[in-house]
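Pasting model-v6.csv here (CSV, C-alpha atoms):
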```
chain,number,residue,atom,x,y,z
A,1150,MET,CA,-18.7,2.0,-26.5
A,1151,LYS,CA,-15.2,1.2,-25.3
A,1152,ASN,CA,-16.6,-0.6,-22.3
A,1153,ILE,CA,-18.8,-2.8,-24.5
A,1154,ILE,CA,-15.8,-3.8,-26.5
A,1155,PHE,CA,-13.9,-4.7,-23.4
A,1156,ILE,CA,-16.8,-6.8,-22.0
A,1157,VAL,CA,-17.2,-8.7,-25.3
A,1158,LEU,CA,-13.5,-9.3,-25.5
A,1159,GLY,CA,-13.4,-10.5,-21.9
A,1160,LEU,CA,-16.3,-12.9,-22.6
A,1161,VAL,CA,-14.6,-14.3,-25.7
A,1162,ILE,CA,-11.3,-14.9,-23.8
A,1163,LEU,CA,-13.3,-16.5,-20.9
A,1164,GLY,CA,-15.2,-18.7,-23.3
A,1165,ALA,CA,-11.9,-19.8,-25.0
A,1166,CYS,CA,-10.4,-20.6,-21.7
A,1167,VAL,CA,-13.4,-22.8,-20.6
A,1168,TRP,CA,-13.4,-24.5,-24.0
A,1169,LEU,CA,-9.7,-25.3,-23.8
A,1170,TYR,CA,-10.1,-26.5,-20.2
A,1171,ILE,CA,-13.0,-28.9,-21.1
A,1172,ASN,CA,-11.2,-30.2,-24.2
A,1173,ARG,CA,-7.7,-30.6,-22.9
A,1174,ASN,CA,-6.0,-33.8,-23.6
A,1175,VAL,CA,-4.8,-36.2,-21.0
A,1176,ALA,CA,-1.5,-34.8,-19.7
A,1177,SER,CA,1.7,-36.7,-20.3
A,1178,LEU,CA,3.3,-38.4,-17.4
A,1179,GLN,CA,6.8,-37.7,-18.7
A,1180,ASN,CA,7.5,-34.7,-16.6
A,1181,GLN,CA,5.4,-35.6,-13.5
A,1182,ARG,CA,7.2,-36.5,-10.3
A,1183,PRO,CA,6.6,-40.0,-8.9
A,1184,ASP,CA,4.4,-40.2,-5.8
A,1185,VAL,CA,5.9,-43.6,-4.8
A,1186,GLU,CA,9.2,-45.3,-5.7
A,1187,VAL,CA,9.4,-49.1,-5.4
A,1188,SER,CA,11.2,-52.1,-6.7
A,1189,ALA,CA,9.3,-54.5,-9.1
A,1190,GLN,CA,9.6,-57.4,-6.5
A,1191,LYS,CA,8.2,-55.2,-3.7
A,1192,LEU,CA,5.3,-53.9,-5.8
A,1193,LEU,CA,4.2,-57.4,-6.6
A,1194,GLU,CA,4.7,-58.7,-3.1
A,1195,ASP,CA,2.6,-55.8,-1.7
A,1196,TYR,CA,-0.2,-56.6,-4.1
A,1197,SER,CA,-0.1,-60.4,-3.7
A,1198,THR,CA,-0.1,-60.2,0.1
A,1199,ASP,CA,-2.9,-57.6,0.5
A,1200,GLU,CA,-4.4,-56.1,-2.6
A,1201,LYS,CA,-6.7,-53.7,-0.7
A,1202,THR,CA,-3.8,-52.1,1.3
A,1203,ALA,CA,-1.7,-52.0,-1.8
A,1204,ASN,CA,-4.4,-50.2,-3.7
A,1205,GLU,CA,-4.4,-47.5,-1.0
A,1206,THR,CA,-0.7,-47.0,-1.6
A,1207,TYR,CA,-0.4,-47.3,-5.3
A,1208,LEU,CA,-3.7,-47.2,-7.2
A,1209,GLY,CA,-4.0,-44.1,-9.4
A,1210,LYS,CA,-0.6,-42.9,-8.2
A,1211,VAL,CA,2.4,-42.1,-10.3
A,1212,VAL,CA,4.6,-45.1,-9.4
A,1213,GLN,CA,8.3,-45.4,-10.3
A,1214,VAL,CA,9.3,-49.0,-10.5
A,1215,SER,CA,12.9,-50.3,-10.8
A,1216,GLY,CA,13.6,-53.8,-12.1
A,1217,LYS,CA,14.9,-56.0,-14.8
A,1218,VAL,CA,13.2,-56.1,-18.3
A,1219,THR,CA,12.0,-59.6,-19.1
A,1220,SER,CA,10.5,-58.8,-22.4
A,1221,ILE,CA,9.2,-56.0,-24.6
A,1222,ALA,CA,6.0,-56.6,-26.7
A,1223,GLU,CA,4.6,-54.4,-29.4
A,1224,GLU,CA,1.1,-54.7,-30.9
A,1225,GLU,CA,-0.5,-52.2,-33.2
A,1226,GLY,CA,2.1,-49.6,-32.3
A,1227,LYS,CA,1.5,-50.0,-28.6
A,1228,LYS,CA,4.5,-51.1,-26.6
A,1229,LYS,CA,4.5,-53.0,-23.3
A,1230,VAL,CA,7.6,-53.4,-21.1
A,1231,ASN,CA,7.5,-56.3,-18.7
A,1232,LEU,CA,9.5,-56.2,-15.5
A,1233,ASP,CA,10.8,-59.2,-13.6
A,1234,THR,CA,9.2,-59.8,-10.2
A,1235,GLY,CA,11.0,-63.0,-9.3
A,1236,ASN,CA,7.6,-64.8,-9.9
A,1237,PRO,CA,7.4,-66.4,-13.4
A,1238,ILE,CA,3.7,-65.9,-13.8
A,1239,SER,CA,3.3,-62.4,-12.5
A,1240,ALA,CA,5.1,-59.4,-14.0
A,1241,ILE,CA,4.9,-55.7,-13.7
A,1242,ILE,CA,3.4,-54.8,-17.1
A,1243,CYS,CA,4.2,-51.2,-18.2
A,1244,GLU,CA,2.0,-50.0,-21.0
A,1245,VAL,CA,4.2,-47.3,-22.7
A,1246,GLU,CA,2.5,-43.9,-23.2
A,1247,ASP,CA,1.4,-43.3,-26.8
A,1248,GLY,CA,4.1,-41.7,-28.9
A,1249,LYS,CA,6.8,-42.0,-26.2
A,1250,ASP,CA,10.2,-43.4,-27.1
A,1251,ILE,CA,11.7,-46.1,-24.9
A,1252,GLY,CA,15.1,-45.7,-26.3
A,1253,SER,CA,17.4,-48.7,-26.7
A,1254,ILE,CA,16.2,-50.7,-23.7
A,1255,LYS,CA,16.1,-54.5,-24.1
A,1256,ALA,CA,15.4,-57.7,-22.2
A,1257,GLY,CA,17.9,-58.1,-19.4
A,1258,ASP,CA,18.4,-54.3,-18.8
A,1259,GLU,CA,17.9,-52.8,-15.3
A,1260,VAL,CA,15.5,-49.9,-15.8
A,1261,LYS,CA,13.3,-47.5,-14.0
A,1262,MET,CA,9.7,-47.1,-15.4
A,1263,LYS,CA,7.3,-44.4,-14.3
A,1264,GLY,CA,3.6,-44.9,-14.8
A,1265,LEU,CA,0.1,-44.6,-13.4
A,1266,CYS,CA,-0.7,-47.7,-11.4
A,1267,SER,CA,-4.1,-49.1,-12.5
A,1268,GLY,CA,-4.1,-52.1,-10.1
A,1269,TYR,CA,-3.6,-55.9,-10.0
A,1270,LEU,CA,-5.0,-58.8,-12.0
A,1271,SER,CA,-2.4,-61.5,-12.0
A,1272,ASP,CA,0.1,-58.9,-12.9
A,1273,VAL,CA,0.5,-55.3,-11.6
A,1274,ILE,CA,-0.3,-52.9,-14.4
A,1275,LEU,CA,1.1,-49.4,-15.0
A,1276,VAL,CA,-0.4,-47.3,-17.8
A,1277,GLN,CA,1.1,-44.2,-19.6
A,1278,ALA,CA,4.5,-45.5,-18.6
A,1279,ASN,CA,7.8,-43.7,-19.5
A,1280,VAL,CA,11.4,-44.8,-19.1
A,1281,VAL,CA,13.1,-42.7,-16.5
A,1282,LYS,CA,16.4,-41.5,-17.7
B,950,MET,CA,14.4,-94.2,-30.5
B,951,ARG,CA,11.5,-95.8,-28.7
B,952,ASN,CA,11.9,-93.3,-25.9
B,953,ILE,CA,11.7,-90.4,-28.3
B,954,ILE,CA,8.4,-91.8,-29.8
B,955,ILE,CA,7.0,-92.3,-26.3
B,956,LEU,CA,8.0,-88.8,-25.3
B,957,ALA,CA,6.5,-87.4,-28.5
B,958,LEU,CA,3.3,-89.3,-27.9
B,959,LEU,CA,3.1,-88.0,-24.3
B,960,LEU,CA,3.6,-84.4,-25.4
B,961,ALA,CA,1.1,-84.8,-28.1
B,962,SER,CA,-1.5,-86.3,-25.8
B,963,GLN,CA,-0.8,-83.5,-23.3
B,964,LEU,CA,-1.4,-80.9,-26.0
B,965,ALA,CA,-4.5,-82.6,-27.1
B,966,PHE,CA,-6.0,-82.7,-23.6
B,967,SER,CA,-4.9,-79.3,-22.4
B,968,GLN,CA,-8.0,-77.2,-23.1
B,969,LYS,CA,-7.2,-74.0,-21.2
B,970,PHE,CA,-6.4,-70.8,-23.1
B,971,PHE,CA,-5.5,-67.4,-21.7
B,972,SER,CA,-4.6,-63.9,-22.6
B,973,LYS,CA,-3.3,-60.9,-20.7
B,974,THR,CA,-3.6,-58.6,-23.6
B,975,GLY,CA,-7.3,-58.6,-24.1
B,976,LYS,CA,-8.7,-55.4,-25.6
B,977,ILE,CA,-11.9,-53.8,-24.3
B,978,THR,CA,-13.2,-50.6,-26.0
B,979,PHE,CA,-16.3,-48.8,-24.9
B,980,THR,CA,-18.1,-46.2,-26.9
B,981,SER,CA,-20.9,-43.9,-25.8
B,982,GLU,CA,-22.5,-41.9,-28.5
B,983,ALA,CA,-24.7,-39.0,-27.7
B,984,PRO,CA,-25.8,-36.1,-29.8
B,985,MET,CA,-23.2,-33.7,-28.4
B,986,GLU,CA,-20.2,-35.9,-27.9
B,987,LYS,CA,-18.7,-39.3,-28.6
B,988,ILE,CA,-16.8,-40.8,-25.7
B,989,GLU,CA,-14.4,-43.7,-26.4
B,990,ALA,CA,-11.8,-45.4,-24.3
B,991,THR,CA,-9.7,-48.5,-24.7
B,992,ASN,CA,-8.0,-50.9,-22.3
B,993,SER,CA,-5.4,-53.3,-23.8
B,994,SER,CA,-4.4,-55.3,-20.8
B,995,ALA,CA,-7.5,-57.3,-19.9
B,996,SER,CA,-7.0,-60.8,-18.6
B,997,THR,CA,-9.1,-63.7,-19.9
B,998,VAL,CA,-9.3,-67.5,-19.6
B,999,ILE,CA,-11.3,-70.0,-21.6
B,1000,ASP,CA,-11.6,-73.6,-20.3
B,1001,LEU,CA,-12.9,-75.4,-23.3
B,1002,SER,CA,-13.6,-78.7,-21.4
B,1003,SER,CA,-16.1,-77.0,-19.1
B,1004,GLY,CA,-17.0,-74.1,-21.4
B,1005,ASN,CA,-16.0,-71.6,-18.7
B,1006,MET,CA,-15.0,-68.1,-19.8
B,1007,GLU,CA,-13.6,-65.4,-17.5
B,1008,TRP,CA,-12.6,-61.8,-18.1
B,1009,ALA,CA,-11.1,-59.2,-15.7
B,1010,VAL,CA,-10.1,-55.6,-16.5
B,1011,LEU,CA,-8.8,-52.7,-14.4
B,1012,ILE,CA,-11.0,-49.6,-14.7
B,1013,GLN,CA,-8.1,-47.2,-14.3
B,1014,GLY,CA,-6.3,-48.8,-17.2
B,1015,PHE,CA,-8.8,-47.3,-19.7
B,1016,GLN,CA,-7.1,-44.8,-21.9
B,1017,PHE,CA,-9.0,-41.6,-23.0
B,1018,GLU,CA,-8.0,-38.8,-25.2
B,1019,LYS,CA,-9.6,-36.0,-23.1
B,1020,SER,CA,-8.5,-35.5,-19.6
B,1021,LEU,CA,-11.9,-34.4,-18.3
B,1022,MET,CA,-13.6,-37.5,-19.7
B,1023,LYS,CA,-11.1,-39.7,-17.9
B,1024,GLU,CA,-11.6,-37.8,-14.7
B,1025,HIS,CA,-15.4,-38.0,-14.8
B,1026,PHE,CA,-15.3,-41.7,-15.8
B,1027,ASN,CA,-13.1,-42.6,-12.9
B,1028,GLU,CA,-14.3,-40.3,-10.2
B,1029,ASN,CA,-18.0,-39.7,-10.8
B,1030,TYR,CA,-19.3,-42.7,-12.8
B,1031,MET,CA,-17.2,-45.8,-12.1
B,1032,GLU,CA,-15.7,-44.8,-8.7
B,1033,SER,CA,-12.6,-46.7,-9.7
B,1034,THR,CA,-10.9,-46.2,-6.4
B,1035,LYS,CA,-13.7,-48.1,-4.7
B,1036,TYR,CA,-14.3,-50.6,-7.5
B,1037,PRO,CA,-11.0,-51.0,-9.4
B,1038,LYS,CA,-12.1,-54.0,-11.5
B,1039,ALA,CA,-14.8,-55.1,-13.8
B,1040,THR,CA,-15.2,-58.9,-14.2
B,1041,PHE,CA,-17.2,-61.4,-16.2
B,1042,LYS,CA,-17.7,-65.0,-15.3
B,1043,GLY,CA,-19.7,-67.2,-17.7
B,1044,LYS,CA,-20.2,-70.2,-19.8
B,1045,ILE,CA,-20.0,-70.9,-23.5
B,1046,GLU,CA,-23.2,-72.6,-24.6
B,1047,ASN,CA,-22.5,-75.8,-26.3
B,1048,PRO,CA,-18.6,-75.7,-26.0
B,1049,GLY,CA,-18.6,-79.2,-27.5
B,1050,GLY,CA,-19.4,-77.6,-30.9
B,1051,ILE,CA,-16.0,-76.0,-31.0
B,1052,MET,CA,-13.6,-78.5,-32.5
B,1053,LEU,CA,-9.9,-77.8,-32.1
B,1054,THR,CA,-9.3,-80.2,-34.9
B,1055,LYS,CA,-11.1,-78.0,-37.4
B,1056,ASP,CA,-9.9,-74.5,-38.1
B,1057,GLY,CA,-12.5,-71.9,-38.4
B,1058,THR,CA,-14.7,-69.2,-36.8
B,1059,TYR,CA,-17.3,-70.6,-34.5
B,1060,PRO,CA,-20.2,-68.4,-33.5
B,1061,VAL,CA,-21.0,-68.8,-29.8
B,1062,VAL,CA,-23.3,-67.5,-27.1
B,1063,VAL,CA,-21.8,-66.8,-23.7
B,1064,THR,CA,-24.0,-66.3,-20.7
B,1065,GLY,CA,-22.8,-65.3,-17.2
B,1066,GLN,CA,-22.5,-62.6,-14.6
B,1067,LEU,CA,-21.0,-59.2,-15.5
B,1068,GLU,CA,-19.8,-57.1,-12.5
B,1069,ILE,CA,-19.2,-53.4,-13.0
B,1070,HIS,CA,-19.2,-50.7,-10.4
B,1071,GLY,CA,-19.7,-53.3,-7.7
B,1072,VAL,CA,-23.0,-54.5,-9.2
B,1073,SER,CA,-23.3,-57.9,-10.7
B,1074,LYS,CA,-25.9,-58.6,-13.4
B,1075,PRO,CA,-26.7,-61.5,-15.7
B,1076,VAL,CA,-25.7,-60.9,-19.3
B,1077,SER,CA,-25.7,-62.9,-22.5
B,1078,ALA,CA,-23.7,-62.0,-25.6
B,1079,GLN,CA,-23.0,-63.4,-29.0
B,1080,GLY,CA,-19.5,-63.6,-30.2
B,1081,ASN,CA,-16.9,-65.6,-32.2
B,1082,ILE,CA,-14.2,-68.0,-31.3
B,1083,VAL,CA,-11.5,-68.5,-33.8
B,1084,VAL,CA,-9.7,-71.9,-34.0
B,1085,LYS,CA,-6.3,-72.1,-35.7
B,1086,LYS,CA,-3.8,-74.9,-35.7
B,1087,GLY,CA,-5.5,-77.0,-33.1
B,1088,ALA,CA,-5.9,-74.1,-30.6
B,1089,ILE,CA,-8.2,-71.2,-29.7
B,1090,ALA,CA,-6.5,-68.3,-31.5
B,1091,SER,CA,-8.9,-65.5,-30.6
B,1092,ALA,CA,-12.3,-64.5,-29.4
B,1093,ASN,CA,-14.4,-61.4,-29.9
B,1094,SER,CA,-17.8,-60.1,-29.0
B,1095,LYS,CA,-19.9,-56.9,-28.9
B,1096,LEU,CA,-22.5,-56.1,-26.3
B,1097,THR,CA,-24.5,-53.1,-25.1
B,1098,ILE,CA,-25.2,-52.4,-21.5
B,1099,ALA,CA,-27.4,-49.9,-19.7
B,1100,LEU,CA,-25.7,-47.7,-17.2
B,1101,ALA,CA,-28.7,-47.7,-14.9
B,1102,ASP,CA,-28.3,-51.5,-14.5
B,1103,TYR,CA,-25.0,-50.9,-12.8
B,1104,ASN,CA,-26.1,-48.0,-10.7
B,1105,ILE,CA,-24.0,-45.6,-12.7
B,1106,GLU,CA,-25.7,-42.2,-12.4
B,1107,ILE,CA,-25.3,-39.5,-14.9
B,1108,PRO,CA,-26.0,-36.0,-13.5
B,1109,LYS,CA,-28.8,-34.1,-15.2
B,1110,LEU,CA,-26.5,-31.3,-16.2
B,1111,VAL,CA,-24.4,-33.5,-18.5
B,1112,GLY,CA,-27.2,-35.9,-19.2
B,1113,GLU,CA,-27.5,-34.9,-22.9
B,1114,ASN,CA,-23.8,-35.4,-23.5
B,1115,ILE,CA,-23.8,-39.0,-22.3
B,1116,SER,CA,-25.7,-41.9,-23.7
B,1117,LYS,CA,-27.7,-44.1,-21.3
B,1118,THR,CA,-26.3,-47.2,-23.0
B,1119,VAL,CA,-22.7,-48.0,-23.7
B,1120,ASP,CA,-21.4,-50.3,-26.5
B,1121,ILE,CA,-18.6,-52.6,-25.5
B,1122,ALA,CA,-16.3,-54.4,-27.9
B,1123,ILE,CA,-14.0,-57.1,-26.6
B,1124,GLN,CA,-11.2,-59.0,-28.4
B,1125,ALA,CA,-8.4,-61.2,-27.3
B,1126,ASP,CA,-5.6,-63.4,-28.8
B,1127,TYR,CA,-5.3,-66.5,-26.8
B,1128,GLN,CA,-2.3,-68.7,-25.9
B,1129,LEU,CA,-2.4,-72.3,-24.5
B,1130,LEU,CA,-2.1,-72.3,-20.8
B,1131,ASN,CA,0.5,-74.8,-19.8
B,1132,VAL,CA,-0.4,-76.2,-16.5
B,1133,ALA,CA,2.5,-77.7,-14.5
B,1134,PRO,CA,2.0,-81.5,-14.2
```
Representation of the structure as structure tokens:
Amino acid sequence: MKNIIFIVLGLVILGACVWLYINRNVASLQNQRPDVEVSAQKLLEDYSTDEKTANETYLGKVVQVSGKVTSIAEEEGKKKVNLDTGNPISAIICEVEDGKDIGSIKAGDEVKMKGLCSGYLSDVILVQANVVK
Amino acid sequence: MRNIIILALLLASQLAFSQKFFSKTGKITFTSEAPMEKIEATNSSASTVIDLSSGNMEWAVLIQGFQFEKSLMKEHFNENYMESTKYPKATFKGKIENPGGIMLTKDGTYPVVVTGQLEIHGVSKPVSAQGNIVVKKGAIASANSKLTIALADYNIEIPKLVGENISKTVDIAIQADYQLLNVAP
């Protein structure tokens, strides 16, 4: 009798673990260590010279980019911080992670942003970005 | 005084003839509804250009930029279905049928049909979709459309095990607010 209780209890706990694993939310990037650190200029330069090689280095990685803020945009509660690359038509666009505070940063500030690199269109785009303090 | 008038006329003529509009904040949402589960993800950094003089319309989006709520859905989407390391982008290149019907001088919502090639997962297929182009203050302000695609058309295979959780078709909604593209003279 005792054994049966233990088995049932074990199955319930196992089931709960599996359910939690399957339904877990996307983890925040805030406390993840960067895989690569790079300046905004260098990141764009790498992508504009050879996108394929740059993807091997940066795509899907946690990339920490340092640079000067050119503008901050907000639309429907979603913030985007654009970093200067020296090229007027290509920025590093950092989509700020939902619900994360970017503090008091403003255009002209030198900052470090950490985000998941999703690749290159005419800009290099980081998603789930956080300000590195 | 005369110079100012000439300058104003020059600027006005340039505005009138510049027919290219772009956005870097295009929104693409896809939804897959199956009996067991609804999967939805949004990307808010799609790039798009409309050239009204030729009717050309282009879109590009980064696959890894789609934001999911559930971690496992995101993982499966990127690794198993879209193979986003191998195929990091999806693109559309097409033409607006009858672009001459869109009058920048008249504000309003113009229904359009856009036909072209949609490339997803390295596979390019012809598609045609209905949508709207909104004209405000002499410029294209926004565009939106909805279309449905079949995963099999793009060689996206769903394993039998999860087959019931994932619909064989996916609804895609696109929307963008456009700006005039200033081409250097």
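For the choices A:Leu1265, A:Cys1243, A:Leu1163, A:Ile1171, the atom-to-atom distance to A:Val1185 is smallest for A:Leu1265 when using all atoms listed in the file.
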Practice item. Give as number ranges by chain every residue, naming chains and numbers as the document does, that has an atom within 12 Å of (-23.5, -67.8, -22.9), counting all atoms listed in the file. Key: B: 1004-1007, 1041-1048, 1060-1067, 1075-1081, 1094
Do you have, as a tab-separated table, the list of residues of chain B lying at most 6 Å from chain A, each with its nearest atom pair and that distance in Å to one decimal, counting all atoms listed in the file and ordered by chain then number?
```
residue	atom	partner	partner_atom	distance
B:Gln1013	CA	A:Ser1267	CA	4.8
B:Gly1014	CA	A:Ser1267	CA	5.2
B:Glu1018	CA	A:Asn1174	CA	5.6
B:Lys1019	CA	A:Asn1174	CA	4.2
B:Ser1020	CA	A:Val1175	CA	4.0
```
Point to revise | Residue nearest B:Lys987 - candidates B:Asp1120, B:Glu1068, B:Glu1024, B:Asp1126, atoms counted: all atoms listed in the file | key: B:Asp1120
Review point. Any idea what the distance is between atom CA of A:Gln1181 and atom CA of A:Glu1223?
Key: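 The value is 24.6 Å.
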Review point. Quick one: of A:Thr1206, A:Ser1197, A:Ser1188, A:Ser1215, who's nearest to B:Thr1034, counting only C-alpha atoms?
Key: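 Closest to B:Thr1034 of all the choices is A:Thr1206.
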Check your understanding: What does the distance from atom CA of A:Val1273 to atom CA of A:Gly1257 come to in Å, to one decimal?
Key ->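 Distance between the two atoms: 19.3 Å.
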**Study point:** One-decimal distance in Å that lies between atom CA of B:Lys1085 and atom CA of B:Gly1050
**Key:** 15.0 Å
Point to revise | Residue contacts of stretch 1035-1039 of chain B (6 Å, all atoms listed in the file) excluding same-chain residues fewer than 4 positions away, as a ChimeraX atom specification | key: /B:1009-1012,1068-1070
Exercise for review: For stretch 1233-1237 of chain A, please output as a PyMOL selection string all residues within 9 Å (counting only C-alpha atoms; exclusion window: fewer than 3 positions along the same chain).
Suggested key: chain A and resi 1188-1194+1216-1220+1240-1241
Who sits within 9 Å of B:Ile1107, all atoms listed in the file, same chain under 6 positions skipped, as a short mmCIF file (atom, residue, chain, number, x, y, z; two decimals) with C-alpha atoms, in the coordinates of the input:
```
data_model
loop_
_atom_site.label_atom_id
_atom_site.label_comp_id
_atom_site.auth_asym_id
_atom_site.auth_seq_id
_atom_site.Cartn_x
_atom_site.Cartn_y
_atom_site.Cartn_z
CA ASN B 1029 -18.00 -39.70 -10.80
CA TYR B 1030 -19.30 -42.70 -12.80
CA LEU B 1100 -25.70 -47.70 -17.20
CA ALA B 1101 -28.70 -47.70 -14.90
CA ILE B 1115 -23.80 -39.00 -22.30
CA LYS B 1117 -27.70 -44.10 -21.30
#
```
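Excluding B:Glu982 itself and any same-chain residue fewer than 4 positions from it, the protein and nucleic acid residues within 9 Å of it, counting all atoms listed in the file, are Glu986, Lys987, Ile988, Glu989, Asn1114, Ile1115, Ser1116, Thr1118, Val1119 and Asp1120 of chain B.
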Review point. Skipping near chain neighbours, those fewer than 3 positions away, what residues fall within 7 Å of B:Ala1122 using all atoms listed in the file, listed as number ranges by chain?
Key: B: 977-979, 1094-1096
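Ranking A:Lys1228, A:Lys1151, A:Lys1282, A:Lys1261 by their shortest atom-to-atom distance to A:Val1187, with all atoms listed in the file included, puts A:Lys1261 first.
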If you keep N, CA and C atoms, can you output stretch 1211-1235 of chain A as a PDB file, in the first residue's frame?
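Output saved as result.pdb:
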```pdb
ATOM      1  N   VAL A1211      24.451  35.331 -27.927  1.00  0.00           N
ATOM      2  CA  VAL A1211      24.255  36.506 -27.072  1.00  0.00           C
ATOM      3  C   VAL A1211      25.422  37.452 -27.345  1.00  0.00           C
ATOM      4  N   VAL A1212      25.111  38.572 -28.000  1.00  0.00           N
ATOM      5  CA  VAL A1212      26.160  39.499 -28.423  1.00  0.00           C
ATOM      6  C   VAL A1212      26.061  40.789 -27.601  1.00  0.00           C
ATOM      7  N   GLN A1213      27.194  41.201 -27.049  1.00  0.00           N
ATOM      8  CA  GLN A1213      27.234  42.465 -26.303  1.00  0.00           C
ATOM      9  C   GLN A1213      27.885  43.527 -27.166  1.00  0.00           C
ATOM     10  N   VAL A1214      27.107  44.569 -27.487  1.00  0.00           N
ATOM     11  CA  VAL A1214      27.570  45.596 -28.415  1.00  0.00           C
ATOM     12  C   VAL A1214      27.770  46.913 -27.675  1.00  0.00           C
ATOM     13  N   SER A1215      28.917  47.551 -27.896  1.00  0.00           N
ATOM     14  CA  SER A1215      29.131  48.864 -27.305  1.00  0.00           C
ATOM     15  C   SER A1215      29.053  49.912 -28.400  1.00  0.00           C
ATOM     16  N   GLY A1216      28.404  51.028 -28.091  1.00  0.00           N
ATOM     17  CA  GLY A1216      28.273  52.087 -29.086  1.00  0.00           C
ATOM     18  C   GLY A1216      27.475  53.255 -28.563  1.00  0.00           C
ATOM     19  N   LYS A1217      27.314  54.244 -29.451  1.00  0.00           N
ATOM     20  CA  LYS A1217      26.610  55.462 -29.073  1.00  0.00           C
ATOM     21  C   LYS A1217      25.158  55.370 -29.525  1.00  0.00           C
ATOM     22  N   VAL A1218      24.237  55.758 -28.636  1.00  0.00           N
ATOM     23  CA  VAL A1218      22.806  55.714 -28.966  1.00  0.00           C
ATOM     24  C   VAL A1218      22.482  56.831 -29.963  1.00  0.00           C
ATOM     25  N   THR A1219      21.882  56.467 -31.108  1.00  0.00           N
ATOM     26  CA  THR A1219      21.465  57.505 -32.053  1.00  0.00           C
ATOM     27  C   THR A1219      20.018  57.897 -31.792  1.00  0.00           C
ATOM     28  N   SER A1220      19.184  56.932 -31.473  1.00  0.00           N
ATOM     29  CA  SER A1220      17.786  57.244 -31.166  1.00  0.00           C
ATOM     30  C   SER A1220      17.151  56.091 -30.403  1.00  0.00           C
ATOM     31  N   ILE A1221      16.065  56.419 -29.728  1.00  0.00           N
ATOM     32  CA  ILE A1221      15.283  55.397 -29.042  1.00  0.00           C
ATOM     33  C   ILE A1221      13.843  55.543 -29.525  1.00  0.00           C
ATOM     34  N   ALA A1222      13.285  54.452 -30.018  1.00  0.00           N
ATOM     35  CA  ALA A1222      11.912  54.503 -30.525  1.00  0.00           C
ATOM     36  C   ALA A1222      11.027  53.639 -29.652  1.00  0.00           C
ATOM     37  N   GLU A1223       9.770  54.068 -29.526  1.00  0.00           N
ATOM     38  CA  GLU A1223       8.837  53.241 -28.777  1.00  0.00           C
ATOM     39  C   GLU A1223       7.528  53.156 -29.531  1.00  0.00           C
ATOM     40  N   GLU A1224       7.057  51.929 -29.726  1.00  0.00           N
ATOM     41  CA  GLU A1224       5.805  51.711 -30.442  1.00  0.00           C
ATOM     42  C   GLU A1224       5.061  50.572 -29.768  1.00  0.00           C
ATOM     43  N   GLU A1225       3.834  50.845 -29.386  1.00  0.00           N
ATOM     44  CA  GLU A1225       3.001  49.848 -28.709  1.00  0.00           C
ATOM     45  C   GLU A1225       3.733  49.203 -27.532  1.00  0.00           C
ATOM     46  N   GLY A1226       4.415  50.024 -26.759  1.00  0.00           N
ATOM     47  CA  GLY A1226       5.102  49.529 -25.569  1.00  0.00           C
ATOM     48  C   GLY A1226       6.399  48.798 -25.846  1.00  0.00           C
ATOM     49  N   LYS A1227       6.759  48.668 -27.130  1.00  0.00           N
ATOM     50  CA  LYS A1227       8.019  47.992 -27.455  1.00  0.00           C
ATOM     51  C   LYS A1227       9.087  49.036 -27.752  1.00  0.00           C
ATOM     52  N   LYS A1228      10.206  48.924 -27.035  1.00  0.00           N
ATOM     53  CA  LYS A1228      11.278  49.900 -27.232  1.00  0.00           C
ATOM     54  C   LYS A1228      12.346  49.349 -28.158  1.00  0.00           C
ATOM     55  N   LYS A1229      12.939  50.264 -28.933  1.00  0.00           N
ATOM     56  CA  LYS A1229      14.087  49.896 -29.756  1.00  0.00           C
ATOM     57  C   LYS A1229      15.175  50.938 -29.562  1.00  0.00           C
ATOM     58  N   VAL A1230      16.379  50.473 -29.260  1.00  0.00           N
ATOM     59  CA  VAL A1230      17.514  51.370 -29.100  1.00  0.00           C
ATOM     60  C   VAL A1230      18.411  51.201 -30.325  1.00  0.00           C
ATOM     61  N   ASN A1231      18.662  52.310 -31.032  1.00  0.00           N
ATOM     62  CA  ASN A1231      19.515  52.240 -32.216  1.00  0.00           C
ATOM     63  C   ASN A1231      20.911  52.733 -31.889  1.00  0.00           C
ATOM     64  N   LEU A1232      21.915  51.945 -32.303  1.00  0.00           N
ATOM     65  CA  LEU A1232      23.296  52.311 -32.034  1.00  0.00           C
ATOM     66  C   LEU A1232      23.987  52.769 -33.314  1.00  0.00           C
ATOM     67  N   ASP A1233      24.840  53.775 -33.162  1.00  0.00           N
ATOM     68  CA  ASP A1233      25.561  54.369 -34.274  1.00  0.00           C
ATOM     69  C   ASP A1233      26.660  53.432 -34.778  1.00  0.00           C
ATOM     70  N   THR A1234      26.695  53.286 -36.109  1.00  0.00           N
ATOM     71  CA  THR A1234      27.722  52.426 -36.700  1.00  0.00           C
ATOM     72  C   THR A1234      28.704  53.227 -37.541  1.00  0.00           C
ATOM     73  N   GLY A1235      28.476  54.550 -37.614  1.00  0.00           N
ATOM     74  CA  GLY A1235      29.289  55.371 -38.492  1.00  0.00           C
ATOM     75  C   GLY A1235      28.691  55.445 -39.894  1.00  0.00           C
TER      76      GLY A1235
END
```
